[in-house]
Protein chains: 2
Amino acid sequence: MKKIFEHKNLFCLPWTQTILGTHLKGKVNFMALDWLTRVNVNPAMLGICVNKNHGSHEAILETGEFSVNIPSVEMVEATDYTGLVSGKRVDKSNLFSVFYGELKAAPMISDCPLTIECKVSQPVDLPTHSFFIAEIINIYTEDRFLTDGNPDIKKINPFLLTMPDNNYWSIGENIGKAWNSGKKRIKHL
Amino acid sequence: MKKIFEHKNLFCLPWTQTILGTHLKGKVNFMALDWLTRVNVNPAMLGICVNKNHGSHEAILETGEFSVNIPSVEMVEATDYTGLVSGKRVDKSNLFSVFYGELKAAPMISDCPLTIECKVSQPVDLPTHSFFIAEIINIYTEDRFLTDGNPDIKKINPFLLTMPDNNYWSIGENIGKAWNSGKKRIKHL
């Protein structure tokens with residue numbers, strides 16, 4: 001029997017956990033970021049959603065640049081910490097070793113297996129958040145995270161967040177091939 | 001040693017696999033959907049990204065309504081099928097048993113543990129895709145997918161997609177509590 005779940009914000013979807021890197025008033029800053037998605041293929045674009053109360057929101061409005069860093073399972077504690085304290089009050093600039101690509105205000109975390117350097121092309125103003133649509137300038141990784149030249153999810157070993165239970169999860173078992181598992185149905189239907 | 005990964009669209013992040021439900025020219029239609037994110041808290045809003053070539057894009061522009069359905073691991077084959085064939089050429093209306101909430105053009109899949117009924121508030125036009133920002137009208141589930149009144153990820157049992165390897169993955173092990181794992185660092189820093 002279907003029922004309406006009353007809490008419209010508390011639905012349970014697993015989001016990939018990332019860390020947003022910015023420059024807040026000239027200083028490196030980080031924030032746990034879960035609300036993001038690809039939004040365009042050509043050019044390659046990402047969209048990220050940031051609460052207007054956060055220091056990272058102020059930072060992106062000021063610089064128009066940011067990084068999205070994918071931490072591995074080993075980085076759970078440090079990642080969680082970036083979401084517990086505000087960059088407006090606490091200096092998080094020394095939390096990680098960083099490197100830079102083409103942009104001046106998109107600090108990337110050296111320990112993260114995959115980092116994405118982004119430049120905002122269109123901010124979308126919403127009531128409590130801004131959705132920043134951004135072009136992907138470059139993606140950085142290391143050979144040890146690739147298999148046959150492509151990023152390998154088992155080597156990157158990212159993790160997920162679910163709410164409202166507030167749990168982190170690893171990636172589980174392979175359960176099928178995409179654009180393939182459903183092919184047998186094409187003949188039957 | 002960091003290297004620039006050349007394929008800006010082929011970075012490997014796990015996305016939660018969902019099925020988009022629409023009415024295309026008055027007929028129920030479904031499409032595998034991976035690019036979505038929460039975008040606002042109050043009101044509760046979702047954003048989804050749809051390729052302009054897809055029937056679902058035409059459907060949403062016409063009706064301004066859609067559903068996001070979360071399939072469980074058992075539904076991998078049927079979910080994959082919705083992404084293999086176009087609703088412009090193949091009738092997918094009988095693929096699932098559906099139910100309706102408040103909206104007329106947001107068909108929801110009865111077998112999915114969690115379904116979200118959405119009404120577009122703002123379409124954002126991008127080069128290859130549209131990003132549809134939508135208000136969450138209602139969320140539907142069943143008691144058997146809840147624990148203490150909240151959706152339970154292990155009972156819902158959703159799955160993930162990674163590209164470019166094109167694999168589906170289950171949710172793995174619990175590896176920590178969010179807004180908690182990093183607390184020990186607050187004392188040390």
# chains A, B, ... in the order shown; residues from 1 in each chain; ligands from 1
$ residues_around --residues "Gly87 in chain A" --least-positions-apart "5" --cutoff "10 Å" --atoms "only C-alpha atoms" --output "list in words"
Leu24, Lys27, Val28, Asn29, Phe30, Met31, His54, Gly55, Ser56, Ala59, Thr82, Lys92 and Ser93 of chain A
$ write_last_selection --atoms "C-alpha atoms" --output "CSV table (one decimal), in the first residue's frame"
chain,number,residue,atom,x,y,z
A,24,LEU,CA,37.2,32.4,0.5
A,27,LYS,CA,42.2,31.7,1.5
A,28,VAL,CA,41.8,28.0,0.6
A,29,ASN,CA,38.5,26.6,1.8
A,30,PHE,CA,36.7,23.2,1.7
A,31,MET,CA,33.2,22.0,2.2
A,54,HIS,CA,27.8,28.8,3.5
A,55,GLY,CA,31.2,30.4,3.1
A,56,SER,CA,31.6,28.5,-0.1
A,59,ALA,CA,33.5,32.3,-2.3
A,82,THR,CA,34.8,19.8,6.2
A,92,LYS,CA,40.4,24.9,6.8
A,93,SER,CA,43.2,25.9,4.5
$ interface_residues --of "chain B" --to "chain A" --cutoff "7 Å" --atoms "only C-alpha atoms" --output "count of residues only"
59
$ closest_residue --among "A:Thr63, A:Asn69, A:Asn53, A:Asn157" --to "Phe96 in chain A" --atoms "only C-alpha atoms"
A:Asn69
$ select_by_dssp --residues "range 1-169 of chain B" --states "strand (DSSP E or B)" --output "ChimeraX atom specification"
/B:3-5,15-16,18-24,27-33,36-40,45-51,65-70,98-99,108-109,114-125,129-141,146-147,150-151,159-162,167-169
$ atom_distance --atom1 "CA of His57 in chain A" --atom2 "CA of Gly64 in chain B"
29.3 Å
$ select_by_dssp --residues "chain A" --states "alpha helix (DSSP H)" --output "list in words"
Gly55, Ser56, His57, Glu58, Ala59, Ile60, Leu61, Glu62, Thr63, Val76, Glu77, Ala78, Thr79, Asp80, Tyr81, Thr82, Gly83, Leu84, Ile153, Lys154, Lys155, Ile156, Lys183, Lys184, Arg185, Ile186, Lys187 and His188 of chain A
$ atom_distance --atom1 "CA of Val68 in chain A" --atom2 "CA of Ile19 in chain A"
5.8 Å
$ atom_distance --atom1 "CA of Val120 in chain A" --atom2 "CA of Ser97 in chain A"
23.8 Å
$ residues_around --residues "Tyr100 in chain B" --least-positions-apart "4" --cutoff "10 Å" --atoms "only C-alpha atoms" --output "list of chain:residue names"
B:Ser67, B:Lys104, B:Ala105, B:Ala106, B:Pro107, B:Met108, B:Ile109, B:Ser110, B:Glu117
$ decode --residues "range 11-52 of chain A" --atoms "N, CA and C atoms" --output "compact mmCIF listing (two decimals), in the first residue's frame"
# COMPACT_ATOMS: atom_id res chain seq x y z
N PHE A 11 13.93 12.32 1.76
CA PHE A 11 13.94 11.08 0.98
C PHE A 11 15.38 10.59 0.86
N CYS A 12 15.47 9.32 0.70
CA CYS A 12 16.72 8.62 0.87
C CYS A 12 17.30 8.22 -0.49
N LEU A 13 18.19 9.04 -1.03
CA LEU A 13 18.92 8.66 -2.23
C LEU A 13 20.40 8.71 -1.90
N PRO A 14 21.18 7.78 -2.39
CA PRO A 14 22.62 7.86 -2.15
C PRO A 14 23.26 8.89 -3.08
N TRP A 15 23.97 9.85 -2.49
CA TRP A 15 24.71 10.83 -3.28
C TRP A 15 26.19 10.56 -3.14
N THR A 16 26.93 10.71 -4.23
CA THR A 16 28.39 10.57 -4.15
C THR A 16 28.96 11.70 -3.31
N GLN A 17 29.78 11.35 -2.35
CA GLN A 17 30.37 12.36 -1.48
C GLN A 17 31.55 13.03 -2.17
N THR A 18 31.54 14.34 -2.22
CA THR A 18 32.67 15.08 -2.78
C THR A 18 33.08 16.18 -1.80
N ILE A 19 34.18 16.82 -2.10
CA ILE A 19 34.62 17.99 -1.32
C ILE A 19 34.78 19.16 -2.28
N LEU A 20 34.08 20.24 -1.96
CA LEU A 20 34.14 21.45 -2.77
C LEU A 20 35.35 22.28 -2.33
N GLY A 21 36.17 22.66 -3.29
CA GLY A 21 37.33 23.51 -2.99
C GLY A 21 37.13 24.91 -3.55
N THR A 22 37.35 25.92 -2.72
CA THR A 22 37.18 27.31 -3.17
C THR A 22 38.26 28.21 -2.54
N HIS A 23 38.25 29.45 -2.94
CA HIS A 23 39.02 30.50 -2.24
C HIS A 23 38.03 31.43 -1.57
N LEU A 24 38.04 31.46 -0.24
CA LEU A 24 37.16 32.35 0.51
C LEU A 24 37.99 33.52 1.03
N LYS A 25 37.73 34.70 0.51
CA LYS A 25 38.51 35.89 0.86
C LYS A 25 40.01 35.62 0.70
N GLY A 26 40.36 34.96 -0.38
CA GLY A 26 41.76 34.73 -0.70
C GLY A 26 42.38 33.52 -0.03
N LYS A 27 41.61 32.83 0.82
CA LYS A 27 42.16 31.69 1.54
C LYS A 27 41.50 30.39 1.06
N VAL A 28 42.30 29.33 0.98
CA VAL A 28 41.78 28.02 0.57
C VAL A 28 40.70 27.56 1.55
N ASN A 29 39.59 27.06 1.01
CA ASN A 29 38.49 26.60 1.85
C ASN A 29 37.88 25.33 1.25
N PHE A 30 37.33 24.48 2.14
CA PHE A 30 36.72 23.23 1.68
C PHE A 30 35.36 23.03 2.34
N MET A 31 34.48 22.34 1.64
CA MET A 31 33.16 22.02 2.19
C MET A 31 32.68 20.69 1.63
N ALA A 32 32.11 19.84 2.48
CA ALA A 32 31.51 18.61 2.01
C ALA A 32 30.37 18.95 1.06
N LEU A 33 30.36 18.34 -0.11
CA LEU A 33 29.36 18.65 -1.14
C LEU A 33 28.75 17.35 -1.65
N ASP A 34 27.41 17.30 -1.62
CA ASP A 34 26.71 16.10 -2.08
C ASP A 34 25.75 16.37 -3.23
N TRP A 35 25.33 17.61 -3.37
CA TRP A 35 24.32 17.92 -4.39
C TRP A 35 25.00 18.42 -5.64
N LEU A 36 25.26 17.50 -6.53
CA LEU A 36 25.87 17.87 -7.82
C LEU A 36 25.44 16.88 -8.88
N THR A 37 25.50 17.30 -10.11
CA THR A 37 25.16 16.42 -11.23
C THR A 37 25.84 16.92 -12.50
N ARG A 38 26.06 16.03 -13.43
CA ARG A 38 26.44 16.46 -14.77
C ARG A 38 25.23 17.16 -15.37
N VAL A 39 25.46 18.18 -16.20
CA VAL A 39 24.32 18.89 -16.79
C VAL A 39 24.44 19.10 -18.30
N ASN A 40 25.60 18.82 -18.87
CA ASN A 40 25.73 19.02 -20.31
C ASN A 40 26.92 18.23 -20.83
N VAL A 41 26.82 17.78 -22.08
CA VAL A 41 27.88 16.94 -22.64
C VAL A 41 28.92 17.77 -23.39
N ASN A 42 28.50 18.67 -24.23
CA ASN A 42 29.43 19.42 -25.07
C ASN A 42 29.07 20.90 -25.07
N PRO A 43 29.79 21.74 -24.31
CA PRO A 43 30.96 21.39 -23.51
C PRO A 43 30.57 20.59 -22.25
N ALA A 44 31.55 19.88 -21.70
CA ALA A 44 31.31 19.11 -20.48
C ALA A 44 31.04 20.06 -19.32
N MET A 45 29.89 19.87 -18.67
CA MET A 45 29.51 20.78 -17.59
C MET A 45 28.99 20.02 -16.37
N LEU A 46 29.23 20.62 -15.21
CA LEU A 46 28.73 20.13 -13.93
C LEU A 46 27.83 21.21 -13.32
N GLY A 47 26.87 20.79 -12.53
CA GLY A 47 26.10 21.74 -11.73
C GLY A 47 26.24 21.36 -10.26
N ILE A 48 26.49 22.35 -9.40
CA ILE A 48 26.58 22.07 -7.96
C ILE A 48 25.64 23.02 -7.22
N CYS A 49 25.14 22.53 -6.09
CA CYS A 49 24.15 23.29 -5.34
C CYS A 49 24.71 23.64 -3.97
N VAL A 50 24.74 24.92 -3.64
CA VAL A 50 25.36 25.37 -2.39
C VAL A 50 24.39 26.28 -1.63
N ASN A 51 24.24 26.01 -0.35
CA ASN A 51 23.39 26.81 0.54
C ASN A 51 23.92 28.24 0.62
N LYS A 52 23.00 29.20 0.59
CA LYS A 52 23.41 30.61 0.58
C LYS A 52 24.10 31.06 1.87
